[in-house]
$ cat work-v2.txt   # compact mmCIF, C-alpha atoms
# COMPACT_ATOMS: atom_id res chain seq x y z
CA MET H 1 23.89 12.21 19.91
CA SER H 2 24.22 9.90 16.96
CA ILE H 3 21.35 7.55 16.40
CA LEU H 4 23.53 4.44 16.73
CA LYS H 5 24.79 5.70 20.09
CA LYS H 6 21.23 6.15 21.31
CA ILE H 7 20.37 2.63 20.20
CA MET H 8 23.54 1.28 21.83
CA THR H 9 22.46 2.84 25.12
CA ALA H 10 19.04 1.23 24.74
CA VAL H 11 20.61 -2.14 23.88
CA LYS H 12 22.76 -1.99 27.02
CA GLY H 13 19.61 -1.30 28.99
CA GLY H 14 17.96 -4.46 27.65
CA ALA H 15 15.12 -5.37 25.36
CA ARG H 16 12.53 -3.34 27.26
CA GLU H 17 14.48 -0.15 26.72
CA ILE H 18 14.79 -0.76 23.00
CA GLY H 19 11.03 -0.97 22.93
CA GLU H 20 10.81 2.25 24.91
CA PHE H 21 13.35 3.90 22.66
CA ILE H 22 11.18 3.14 19.69
CA VAL H 23 8.05 4.38 21.36
CA ASP H 24 9.22 7.51 23.13
CA ALA H 25 11.97 8.62 20.83
CA ASN H 26 9.11 8.65 18.38
CA GLY H 27 12.19 8.47 16.29
CA THR H 28 10.59 7.88 12.98
CA ARG H 29 8.27 10.88 13.16
CA ILE H 30 10.93 13.29 14.34
CA PHE H 31 13.36 12.20 11.66
CA GLU H 32 10.75 12.25 8.97
CA GLN H 33 9.87 15.82 9.96
CA GLU H 34 13.53 16.86 9.88
CA LEU H 35 13.96 15.19 6.55
CA ASN H 36 10.92 16.98 5.23
CA ASP H 37 12.20 20.37 6.43
CA ALA H 38 15.57 19.74 4.85
CA GLN H 39 13.94 18.85 1.56
CA VAL H 40 11.85 22.05 1.58
CA HIS H 41 15.04 23.95 2.34
CA LEU H 42 16.83 22.31 -0.53
CA HIS H 43 14.04 23.05 -2.95
CA ARG H 44 14.04 26.73 -1.97
CA ALA H 45 17.82 26.98 -2.18
CA LYS H 46 17.77 25.48 -5.66
CA GLN H 47 15.07 27.91 -6.78
CA ASP H 48 17.09 30.85 -5.44
CA LEU H 49 20.17 29.49 -7.11
CA THR H 50 18.48 29.31 -10.49
CA GLU H 51 17.24 32.87 -10.18
CA VAL H 52 20.57 34.29 -9.14
CA MET H 53 22.38 32.38 -11.85
CA ALA H 54 20.00 33.83 -14.42
CA LYS H 55 20.71 37.33 -13.08
CA GLN H 56 24.43 36.60 -13.18
CA MET H 57 24.23 35.61 -16.83
CA GLN H 58 22.15 38.66 -17.62
CA SER H 59 24.66 40.99 -16.04
CA ALA H 60 27.52 39.22 -17.85
CA ARG H 61 25.70 39.84 -21.10
CA LYS H 62 25.24 43.49 -20.23
CA MET H 63 28.93 43.81 -19.37
CA ASN H 64 29.94 42.37 -22.72
CA ALA H 65 27.58 44.71 -24.55
CA LEU H 66 28.99 47.71 -22.66
CA LYS H 67 32.55 46.61 -23.33
CA SER H 68 31.97 46.32 -27.07
CA HIS H 69 30.10 49.65 -27.00
CA ILE H 70 33.06 51.30 -25.35
CA LYS H 71 35.48 49.69 -27.77
CA ASP H 72 33.43 50.83 -30.79
CA HIS H 73 33.17 54.37 -29.49
CA GLU H 74 36.86 54.54 -28.76
CA GLY H 75 37.29 53.80 -32.45
CA PHE H 76 34.83 56.58 -33.30
CA THR H 77 36.71 59.02 -31.05
CA ILE H 78 39.96 58.27 -32.87
CA LYS H 79 38.20 58.72 -36.17
CA ALA H 80 36.79 62.13 -35.07
CA LEU H 81 40.24 63.20 -33.86
CA ASP H 82 41.74 62.08 -37.18
CA GLN H 83 39.18 64.26 -38.94
CA GLY H 84 40.17 67.13 -36.68
CA ASP H 85 36.70 67.33 -35.10
CA GLU H 86 37.71 67.84 -31.49
CA SER H 87 34.21 68.68 -30.25
CA LEU H 88 32.68 65.54 -31.74
CA ALA H 89 35.53 63.54 -30.23
CA LEU H 90 34.79 65.05 -26.82
CA GLU H 91 31.11 64.30 -27.15
CA ILE H 92 31.83 60.67 -27.99
CA ALA H 93 34.36 60.48 -25.15
CA GLU H 94 31.71 61.70 -22.72
CA LYS H 95 29.44 58.93 -23.89
CA ILE H 96 32.27 56.46 -23.30
CA ALA H 97 32.71 57.84 -19.79
CA GLY H 98 28.99 57.22 -19.14
CA SER H 99 29.29 53.66 -20.44
CA GLU H 100 32.32 53.06 -18.28
CA MET H 101 30.35 54.13 -15.22
CA ASP H 102 27.61 51.70 -16.20
CA LEU H 103 30.20 48.96 -16.75
CA MET H 104 31.65 49.50 -13.27
CA GLU H 105 28.21 49.27 -11.74
CA GLN H 106 27.46 46.16 -13.74
CA GLU H 107 30.77 44.61 -12.70
CA GLU H 108 29.99 45.21 -9.06
CA LEU H 109 26.57 43.66 -9.51
CA HIS H 110 28.08 40.70 -11.35
CA SER H 111 30.59 39.99 -8.64
CA SER H 112 27.91 40.17 -5.95
CA PHE H 113 25.79 37.71 -7.97
CA SER H 114 28.79 35.41 -8.32
CA GLU H 115 29.35 35.51 -4.59
CA HIS H 116 25.68 34.75 -4.01
CA VAL H 117 25.82 31.84 -6.45
CA SER H 118 28.79 30.24 -4.78
CA ARG H 119 27.16 30.69 -1.35
CA LEU H 120 23.92 29.08 -2.58
CA LYS H 121 25.81 26.24 -4.24
CA GLY H 122 27.53 25.58 -0.93
CA LEU H 123 24.16 25.62 0.84
CA VAL H 124 22.66 23.19 -1.67
CA LYS H 125 25.59 20.81 -1.25
CA LYS H 126 25.36 21.03 2.53
CA THR H 127 21.62 20.42 2.51
CA GLU H 128 21.96 17.49 0.16
CA ARG H 129 24.52 15.92 2.46
CA GLN H 130 22.25 16.59 5.43
CA ILE H 131 19.34 14.92 3.68
CA LYS H 132 21.49 11.86 2.92
CA GLU H 133 22.47 11.74 6.59
CA TYR H 134 18.86 12.06 7.77
CA GLU H 135 17.85 9.31 5.37
CA ARG H 136 20.58 7.07 6.75
CA GLN H 137 19.52 7.75 10.33
CA LEU H 138 15.88 7.24 9.45
CA SER H 139 16.78 3.90 7.93
CA VAL H 140 18.59 2.93 11.18
CA VAL H 141 15.56 3.86 13.26
CA LYS H 142 13.15 2.09 10.94
CA THR H 143 15.29 -1.03 10.83
CA THR H 144 15.55 -1.10 14.63
CA GLU H 145 11.80 -0.75 14.87
CA SER H 146 11.15 -3.37 12.22
CA VAL H 147 13.60 -5.93 13.63
CA GLN H 148 12.23 -5.45 17.13
CA LYS H 149 8.61 -5.79 16.04
CA ALA H 150 9.32 -8.64 13.63
CA SER H 151 11.06 -10.63 16.34
CA GLU H 152 8.10 -9.98 18.67
CA ALA H 153 5.74 -11.25 15.97
CA ILE H 154 7.85 -14.36 15.43
CA THR H 155 8.02 -15.14 19.15
CA ASP H 156 4.26 -14.54 19.53
CA ASN H 157 3.61 -16.80 16.57
CA PHE H 158 5.65 -19.58 18.13
CA SER H 159 3.68 -19.45 21.35
CA ALA H 160 0.38 -19.07 19.47
CA THR H 161 0.95 -22.12 17.31
CA ASN H 162 2.38 -24.04 20.26
CA SER H 163 5.44 -24.89 18.24
CA LYS H 164 8.77 -24.38 19.85
CA ILE H 165 12.07 -23.32 18.47
CA LEU H 166 14.30 -26.37 18.45
CA SER H 167 17.72 -26.19 19.95
CA ALA H 168 20.48 -25.70 17.40
CA ARG H 169 21.83 -29.20 18.07
CA ASP H 170 18.44 -30.82 17.44
CA SER H 171 17.93 -28.82 14.27
CA LEU H 172 21.36 -29.77 13.07
CA GLU H 173 20.77 -33.44 13.75
CA ARG H 174 17.39 -33.49 12.04
CA ILE H 175 18.54 -31.65 8.96
CA LYS H 176 21.64 -33.80 8.62
CA MET H 177 19.55 -36.95 8.98
CA ARG H 178 17.12 -35.72 6.34
CA GLN H 179 19.96 -34.79 4.02
CA GLN H 180 21.53 -38.23 4.57
CA ARG H 181 18.20 -39.86 3.70
CA THR H 182 17.97 -37.79 0.55
CA TYR H 183 21.50 -38.76 -0.45
CA ASP H 184 20.78 -42.42 0.32
CA ARG H 185 17.63 -42.29 -1.77
CA LEU H 186 19.53 -40.70 -4.63
CA ALA H 187 22.28 -43.30 -4.35
CA ALA H 188 19.71 -46.13 -4.29
CA ALA H 189 17.98 -44.69 -7.33
CA GLU H 190 21.29 -44.45 -9.11
CA GLU H 191 22.14 -48.04 -8.26
CA LEU H 192 18.76 -49.20 -9.48
CA GLU H 193 19.22 -47.30 -12.67
CA ALA H 194 22.62 -48.89 -13.19
CA GLU H 195 21.17 -52.35 -12.61
CA ASN H 196 18.37 -51.68 -15.02
CA SER H 197 20.68 -50.57 -17.72
CA ASN H 198 22.77 -53.70 -17.06
CA VAL H 199 19.73 -55.96 -17.51
CA ASP H 200 18.86 -54.09 -20.63
CA LEU H 201 22.35 -54.57 -22.01
CA GLU H 202 22.35 -58.29 -21.27
CA ALA H 203 19.03 -58.75 -23.01
CA ARG H 204 20.27 -56.95 -26.07
CA MET H 205 23.50 -58.99 -26.07
CA LYS H 206 21.57 -62.22 -25.80
CA ALA H 207 19.32 -61.21 -28.65
CA ALA H 208 22.44 -60.64 -30.70
CA GLY H 209 23.71 -64.13 -29.78
CA MET H 210 26.38 -62.88 -27.36
CA GLY H 211 27.00 -63.48 -23.67
CA GLU H 212 26.43 -66.57 -21.55
CA PRO H 213 24.67 -69.42 -23.41
CA GLU H 214 21.32 -70.35 -21.94
CA THR H 215 21.17 -73.56 -19.81
CA THR H 216 18.55 -76.02 -20.94
CA GLY H 217 17.86 -79.72 -20.25
CA SER H 218 19.67 -80.78 -23.37
CA THR H 219 22.80 -78.73 -22.62
CA VAL H 220 22.95 -80.29 -19.13
CA LEU H 221 22.53 -83.77 -20.57
CA ASP H 222 25.28 -83.08 -23.09
CA ARG H 223 27.56 -81.87 -20.29
CA ILE H 224 26.94 -85.02 -18.18
CA LYS H 225 27.45 -87.25 -21.17
CA ALA H 226 30.71 -85.54 -22.04
CA ALA H 227 31.99 -85.92 -18.47
CA ARG H 228 31.21 -89.67 -18.31
CA MET Q 1 7.65 -5.07 -3.13
CA ASN Q 2 5.66 -6.07 -0.06
CA ILE Q 3 5.40 -9.30 1.92
CA GLN Q 4 2.27 -10.54 0.11
CA ASP Q 5 3.86 -10.00 -3.30
CA LEU Q 6 6.95 -11.81 -2.20
CA ALA Q 7 4.98 -14.73 -0.73
CA LEU Q 8 3.02 -15.12 -3.97
CA ARG Q 9 6.08 -15.01 -6.15
CA LEU Q 10 8.03 -17.43 -3.98
CA THR Q 11 5.12 -19.86 -3.92
CA ASP Q 12 4.69 -19.54 -7.68
CA LEU Q 13 8.24 -20.66 -8.26
CA GLN Q 14 8.24 -24.41 -8.73
CA SER Q 15 11.86 -24.57 -7.77
CA PHE Q 16 14.91 -22.38 -7.80
CA GLU Q 17 18.41 -23.84 -8.07
CA GLY Q 18 16.88 -27.18 -7.10
CA TYR Q 19 15.18 -25.87 -3.95
CA GLN Q 20 11.54 -25.33 -3.13
CA PHE Q 21 10.24 -22.57 -0.89
CA ASP Q 22 7.52 -22.90 1.68
CA CYS Q 23 6.02 -19.57 2.77
CA GLN Q 24 4.02 -18.74 5.85
CA PRO Q 25 3.05 -15.15 6.63
CA ILE Q 26 3.25 -14.23 10.31
CA PRO Q 27 0.73 -11.71 11.57
CA GLY Q 28 1.90 -8.79 13.69
CA GLU Q 29 2.56 -5.08 13.74
CA VAL Q 30 5.32 -5.60 11.20
CA GLU Q 31 4.68 -8.04 8.39
CA VAL Q 32 6.98 -11.02 8.48
CA LEU Q 33 7.22 -13.91 6.08
CA GLN Q 34 8.52 -17.23 7.29
CA VAL Q 35 10.22 -19.12 4.49
CA THR Q 36 11.66 -22.60 4.65
CA VAL Q 37 14.03 -23.64 1.94
CA GLY Q 38 13.97 -27.25 0.77
CA ASP Q 39 15.36 -29.59 3.41
CA PHE Q 40 16.13 -26.85 5.92
CA GLU Q 41 12.80 -27.17 7.68
CA GLU Q 42 14.20 -26.57 11.16
CA LEU Q 43 16.04 -23.42 10.11
CA PRO Q 44 13.38 -21.15 8.64
CA SER Q 45 14.28 -17.67 7.46
CA TYR Q 46 12.20 -14.64 8.37
CA ILE Q 47 11.82 -11.82 5.89
CA SER Q 48 10.75 -8.30 6.72
CA ILE Q 49 10.78 -5.31 4.42
CA THR Q 50 11.56 -1.70 5.38
CA ASP Q 51 11.70 1.41 3.20
CA THR Q 52 15.28 0.78 2.26
CA GLN Q 53 16.00 -2.91 2.65
CA VAL Q 54 14.77 -6.47 2.60
CA LEU Q 55 15.99 -8.21 5.74
CA CYS Q 56 16.33 -12.00 5.84
CA VAL Q 57 17.08 -13.45 9.26
CA THR Q 58 17.70 -17.04 10.38
CA TYR Q 59 17.86 -17.91 14.06
CA LEU Q 60 20.85 -20.01 15.06
CA PHE Q 61 20.63 -20.53 18.83
CA THR Q 62 19.87 -18.76 22.08
CA GLU Q 63 22.22 -17.38 24.71
CA GLN Q 64 21.29 -20.32 26.93
CA GLU Q 65 22.58 -22.80 24.37
CA VAL Q 66 26.09 -21.35 24.52
CA ARG Q 67 28.50 -22.71 27.15
CA SER Q 68 29.04 -19.92 29.65
CA ASP Q 69 32.82 -20.32 29.50
CA ALA Q 70 32.82 -20.20 25.70
CA VAL Q 71 30.87 -16.99 24.97
CA SER Q 72 33.78 -14.67 24.25
CA SER Q 73 35.75 -17.21 22.22
CA MET Q 74 32.61 -18.00 20.23
CA MET Q 75 32.06 -14.32 19.50
CA ALA Q 76 35.66 -13.95 18.40
CA ALA Q 77 35.17 -16.92 16.08
CA MET Q 78 31.99 -15.34 14.71
CA LEU Q 79 33.84 -12.11 13.93
CA GLU Q 80 36.57 -14.06 12.16
CA LEU Q 81 34.03 -16.04 10.15
CA ASN Q 82 31.76 -13.09 9.38
CA ILE Q 83 33.54 -11.74 6.34
CA LEU Q 84 34.14 -15.23 4.94
CA MET Q 85 30.47 -16.17 4.96
CA PRO Q 86 29.01 -15.39 1.55
CA LEU Q 87 26.19 -12.80 1.63
CA SER Q 88 25.36 -13.33 5.32
CA ALA Q 89 26.58 -11.93 8.61
CA PHE Q 90 26.27 -12.94 12.25
CA ALA Q 91 24.16 -10.81 14.55
CA LYS Q 92 22.19 -10.97 17.76
CA ILE Q 93 18.55 -10.09 18.31
CA GLY Q 94 17.63 -9.99 21.97
CA THR Q 95 18.81 -13.28 23.41
CA ARG Q 96 19.16 -15.04 20.06
CA TYR Q 97 22.16 -15.37 17.82
CA VAL Q 98 21.20 -15.07 14.17
CA ILE Q 99 22.64 -14.78 10.72
CA PHE Q 100 21.11 -12.34 8.33
CA GLY Q 101 21.37 -10.89 4.89
CA ALA Q 102 20.19 -7.43 3.87
CA LEU Q 103 19.19 -6.65 0.32
CA SER Q 104 18.15 -3.47 -1.42
CA VAL Q 105 14.38 -3.07 -1.77
CA ASN Q 106 14.96 -2.96 -5.49
CA SER Q 107 16.29 -6.53 -5.52
CA GLY Q 108 14.71 -8.96 -7.94
CA ILE Q 109 12.98 -12.18 -6.91
CA GLU Q 110 16.03 -14.17 -8.04
CA ASP Q 111 18.32 -12.19 -5.76
CA ILE Q 112 16.01 -12.87 -2.85
CA CYS Q 113 15.79 -16.59 -3.67
CA HIS Q 114 19.55 -16.78 -3.93
CA GLU Q 115 19.89 -14.99 -0.60
CA LEU Q 116 17.43 -17.35 1.10
CA ILE Q 117 19.21 -20.46 -0.14
CA THR Q 118 22.60 -19.08 0.82
CA LEU Q 119 21.27 -18.07 4.22
CA SER Q 120 19.92 -21.56 4.95
CA GLU Q 121 23.12 -23.22 3.83
CA ASN Q 122 25.20 -20.76 5.83
CA ALA Q 123 23.03 -21.30 8.91
CA LEU Q 124 23.55 -25.05 8.80
CA GLU Q 125 27.25 -24.62 8.26
CA ALA Q 126 27.55 -22.00 10.98
CA ILE Q 127 25.83 -24.24 13.56
CA THR Q 128 28.05 -27.14 12.52
CA VAL Q 129 31.17 -25.02 12.99
CA LEU Q 130 30.02 -23.38 16.23
CA GLU Q 131 28.68 -26.57 17.78
CA GLU Q 132 31.82 -26.91 19.88
CA TYR Q 133 30.80 -23.79 21.83
CA LEU Q 134 27.31 -25.06 22.59
CA VAL Q 135 26.21 -26.85 25.75
$ encode --input "work-v2.txt" --output "structure tokens"
Amino acid sequence: MSILKKIMTAVKGGAREIGEFIVDANGTRIFEQELNDAQVHLHRAKQDLTEVMAKQMQSARKMNALKSHIKDHEGFTIKALDQGDESLALEIAEKIAGSEMDLMEQEELHSSFSEHVSRLKGLVKKTERQIKEYERQLSVVKTTESVQKASEAITDNFSATNSKILSARDSLERIKMRQQRTYDRLAAAEELEAENSNVDLEARMKAAGMGEPETTGSTVLDRIKAAR
Amino acid sequence: MNIQDLALRLTDLQSFEGYQFDCQPIPGEVEVLQVTVGDFEELPSYISITDTQVLCVTYLFTEQEVRSDAVSSMMAAMLELNILMPLSAFAKIGTRYVIFGALSVNSGIEDICHELITLSENALEAITVLEEYLV
């Protein structure tokens, strides 16, 4: 059964069963063991593969050497025949026959190595995929365990510190109020800043003889006199 | 990276993208770090680390907070919203609805900070959107 399916069954059974699943499936340990075995397997398969591939190369080299040996000696046979030395030609031909036997043997060996190599490569690929799958399943089990235990710790912590989890509505209201206060404060600060820079500007304008003229006793008296 | 490392590095950061992090380790069989991001005090995120991933979870509400006649339509809405929510997904742990983000264990501190901020913002937005299904 897939690991998610097992967890689903536990989830349907309620929180207690998830806890039990974690404990008695002993999931983590079993999966870790399987993962370990698969890794040992993979290592061995790769070692075998390297060895067989080396043998395959060796036999290919031997085949090539035999082939060129045969080719050379075929040339020698023709040369002996051209020289009319039939017995030498026969002797060389016998040597060729021996080499051809060796070549056939070597070819058989080579093809059996090739077969072995492709079988081992398949095994390595399969094991690698299996390891990936075990790792994925292990991660599911570990996450289930961690989430379950973390949420227990959080709940315990709440009761231990006597704090309670607020309802979503209350949280929402509080956070929005706090955010509003922050915005208000920022807005107030901005306003203040604007006012300050205004005051600053006026002062500088006045210093430069611009803006509203200052009201003094004499300007008031002048105004009243003018109006009379 | 383990929980202690993460707590130290988060605390060391003066601020990230304008937010500050407040860390509180929670004792237990599995190490959990409670992190509050800036103004999101009521919506803390909980971080736990496994061999393969860093899990950040924020609790939204409990089963009891959902109107009994609205459960299936709320779940349908959650599925619709799931893929649209950046970096987070809806889930359920026991009787609690949550949103969570999972990161690779090889994530850098900046990725985790970014995830935490996004998670808090998403949580607030998710509750705002799903409020109509709550009692």
$ closest_atom_pairs --input "work-v2.txt" --of "chain Q" --to "chain H" --cutoff "9 Å" --atoms "all atoms listed in the file" --output "CSV"
residue,atom,partner,partner_atom,distance
Q:Ile26,CA,H:Asn157,CA,6.8
Q:Pro27,CA,H:Ala153,CA,6.7
Q:Gly28,CA,H:Ala153,CA,5.1
Q:Glu29,CA,H:Lys149,CA,6.5
Q:Val30,CA,H:Ala150,CA,5.6
Q:Glu31,CA,H:Ala150,CA,7.0
Q:Val32,CA,H:Ala150,CA,6.1
Q:Gln34,CA,H:Ile154,CA,8.7
Q:Asp39,CA,H:Ile175,CA,6.7
Q:Phe40,CA,H:Ile175,CA,6.2
Q:Glu41,CA,H:Ile175,CA,7.4
Q:Glu42,CA,H:Ser171,CA,5.4
Q:Leu43,CA,H:Ser171,CA,7.1
Q:Tyr46,CA,H:Ile154,CA,8.3
Q:Ile47,CA,H:Ala150,CA,8.7
Q:Ser48,CA,H:Ala150,CA,7.1
Q:Ile49,CA,H:Ser146,CA,8.0
Q:Thr50,CA,H:Thr143,CA,6.6
Q:Asp51,CA,H:Ser139,CA,7.4
Q:Thr52,CA,H:Ser139,CA,6.6
Q:Gln53,CA,H:Thr143,CA,8.4
Q:Leu55,CA,H:Val147,CA,8.6
Q:Tyr59,CA,H:Ala168,CA,8.9
Q:Leu60,CA,H:Ala168,CA,6.2
Q:Phe61,CA,H:Ala168,CA,5.4
Q:Thr62,CA,H:Ser167,CA,8.0
Q:Glu65,CA,H:Ser167,CA,7.4
Q:Ile93,CA,H:Ser151,CA,7.8
Q:Gly94,CA,H:Ala15,CA,6.3
Q:Thr95,CA,H:Ala15,CA,8.9
Q:Leu124,CA,H:Leu172,CA,6.7
Q:Ile127,CA,H:Ala168,CA,6.7
Q:Thr128,CA,H:Leu172,CA,7.2
Q:Glu131,CA,H:Arg169,CA,7.3
Q:Leu134,CA,H:Arg169,CA,8.2
$ residues_near_point --input "work-v2.txt" --point "(24.5, 35.5, -11.3)" --cutoff "9 Å" --atoms "all atoms listed in the file" --output "list in words"
Leu49, Thr50, Glu51, Val52, Met53, Ala54, Lys55, Gln56, Met57, Gln58, Ser59, Ala60, Leu109, His110, Ser111, Ser112, Phe113, Ser114, Glu115, His116 and Val117 of chain H
$ write_last_selection --input "work-v2.txt" --atoms "C-alpha atoms" --output "mmCIF file, keeping the file's coordinate frame"
data_model
loop_
_atom_site.group_PDB
_atom_site.id
_atom_site.type_symbol
_atom_site.label_atom_id
_atom_site.label_comp_id
_atom_site.auth_asym_id
_atom_site.auth_seq_id
_atom_site.Cartn_x
_atom_site.Cartn_y
_atom_site.Cartn_z
ATOM 1 C CA LEU H 49 20.170 29.490 -7.110
ATOM 2 C CA THR H 50 18.480 29.310 -10.490
ATOM 3 C CA GLU H 51 17.240 32.870 -10.180
ATOM 4 C CA VAL H 52 20.570 34.290 -9.140
ATOM 5 C CA MET H 53 22.380 32.380 -11.850
ATOM 6 C CA ALA H 54 20.000 33.830 -14.420
ATOM 7 C CA LYS H 55 20.710 37.330 -13.080
ATOM 8 C CA GLN H 56 24.430 36.600 -13.180
ATOM 9 C CA MET H 57 24.230 35.610 -16.830
ATOM 10 C CA GLN H 58 22.150 38.660 -17.620
ATOM 11 C CA SER H 59 24.660 40.990 -16.040
ATOM 12 C CA ALA H 60 27.520 39.220 -17.850
ATOM 13 C CA LEU H 109 26.570 43.660 -9.510
ATOM 14 C CA HIS H 110 28.080 40.700 -11.350
ATOM 15 C CA SER H 111 30.590 39.990 -8.640
ATOM 16 C CA SER H 112 27.910 40.170 -5.950
ATOM 17 C CA PHE H 113 25.790 37.710 -7.970
ATOM 18 C CA SER H 114 28.790 35.410 -8.320
ATOM 19 C CA GLU H 115 29.350 35.510 -4.590
ATOM 20 C CA HIS H 116 25.680 34.750 -4.010
ATOM 21 C CA VAL H 117 25.820 31.840 -6.450
#
$ atom_distance --input "work-v2.txt" --atom1 "CA of Leu84 in chain Q" --atom2 "CA of Ser104 in chain Q"
20.8 Å
$ atom_distance --input "work-v2.txt" --atom1 "CA of Asp102 in chain H" --atom2 "CA of Lys121 in chain H"
28.2 Å
$ closest_residue --input "work-v2.txt" --among "Q:Cys56, Q:Leu81, Q:Leu116, Q:Val135" --to "Val98 in chain Q" --atoms "all atoms listed in the file"
Q:Cys56
$ closest_residue --input "work-v2.txt" --among "H:Gly122, H:Gly13, H:Gly75, H:Gly209" --to "Ala93 in chain H" --atoms "only C-alpha atoms"
H:Gly75
$ atom_distance --input "work-v2.txt" --atom1 "CA of Ala38 in chain H" --atom2 "CA of Ser118 in chain H"
19.4 Å
$ residues_near_point --input "work-v2.txt" --point "(35.7, 61.3, -27.7)" --cutoff "12 Å" --atoms "only C-alpha atoms" --output "count of residues only"
28
$ closest_residue --input "work-v2.txt" --among "Q:Tyr133, Q:Ile83, Q:Leu6, Q:Ala126" --to "Ser107 in chain Q" --atoms "all atoms listed in the file"
Q:Leu6
$ build_atoms --input "work-v2.txt" --residues "range 100-113 of chain Q" --atoms "N, CA, C and O atoms" --output "compact mmCIF listing (two decimals), in the coordinates of the input"
# COMPACT_ATOMS: atom_id res chain seq x y z
N PHE Q 100 22.06 -13.10 9.13
CA PHE Q 100 21.11 -12.34 8.33
C PHE Q 100 21.76 -11.86 7.05
O PHE Q 100 22.99 -11.82 6.93
N GLY Q 101 20.92 -11.53 6.11
CA GLY Q 101 21.37 -10.89 4.89
C GLY Q 101 20.46 -9.71 4.63
O GLY Q 101 19.26 -9.80 4.87
N ALA Q 102 21.01 -8.60 4.18
CA ALA Q 102 20.19 -7.43 3.87
C ALA Q 102 20.32 -7.14 2.38
O ALA Q 102 21.42 -7.11 1.86
N LEU Q 103 19.18 -6.96 1.75
CA LEU Q 103 19.19 -6.65 0.32
C LEU Q 103 18.50 -5.32 0.08
O LEU Q 103 17.67 -4.89 0.89
N SER Q 104 18.84 -4.71 -1.05
CA SER Q 104 18.15 -3.47 -1.42
C SER Q 104 16.69 -3.79 -1.73
O SER Q 104 16.38 -4.88 -2.20
N VAL Q 105 15.79 -2.83 -1.45
CA VAL Q 105 14.38 -3.07 -1.77
C VAL Q 105 14.14 -3.23 -3.26
O VAL Q 105 13.09 -3.71 -3.67
N ASN Q 106 15.13 -2.83 -4.04
CA ASN Q 106 14.96 -2.96 -5.49
C ASN Q 106 15.45 -4.31 -6.01
O ASN Q 106 15.53 -4.52 -7.22
N SER Q 107 15.78 -5.22 -5.09
CA SER Q 107 16.29 -6.53 -5.52
C SER Q 107 15.21 -7.31 -6.25
O SER Q 107 14.03 -7.21 -5.92
N GLY Q 108 15.64 -8.11 -7.21
CA GLY Q 108 14.71 -8.96 -7.94
C GLY Q 108 14.42 -10.22 -7.16
O GLY Q 108 15.12 -10.53 -6.19
N ILE Q 109 13.40 -10.96 -7.60
CA ILE Q 109 12.98 -12.18 -6.91
C ILE Q 109 14.14 -13.19 -6.90
O ILE Q 109 14.35 -13.91 -5.91
N GLU Q 110 14.92 -13.22 -7.98
CA GLU Q 110 16.03 -14.17 -8.04
C GLU Q 110 17.10 -13.87 -7.01
O GLU Q 110 17.68 -14.78 -6.42
N ASP Q 111 17.34 -12.57 -6.78
CA ASP Q 111 18.32 -12.19 -5.76
C ASP Q 111 17.85 -12.66 -4.39
O ASP Q 111 18.63 -13.15 -3.58
N ILE Q 112 16.55 -12.49 -4.15
CA ILE Q 112 16.01 -12.87 -2.85
C ILE Q 112 16.07 -14.40 -2.67
O ILE Q 112 16.45 -14.89 -1.61
N CYS Q 113 15.71 -15.13 -3.73
CA CYS Q 113 15.79 -16.59 -3.67
C CYS Q 113 17.22 -17.03 -3.38
O CYS Q 113 17.47 -17.89 -2.53
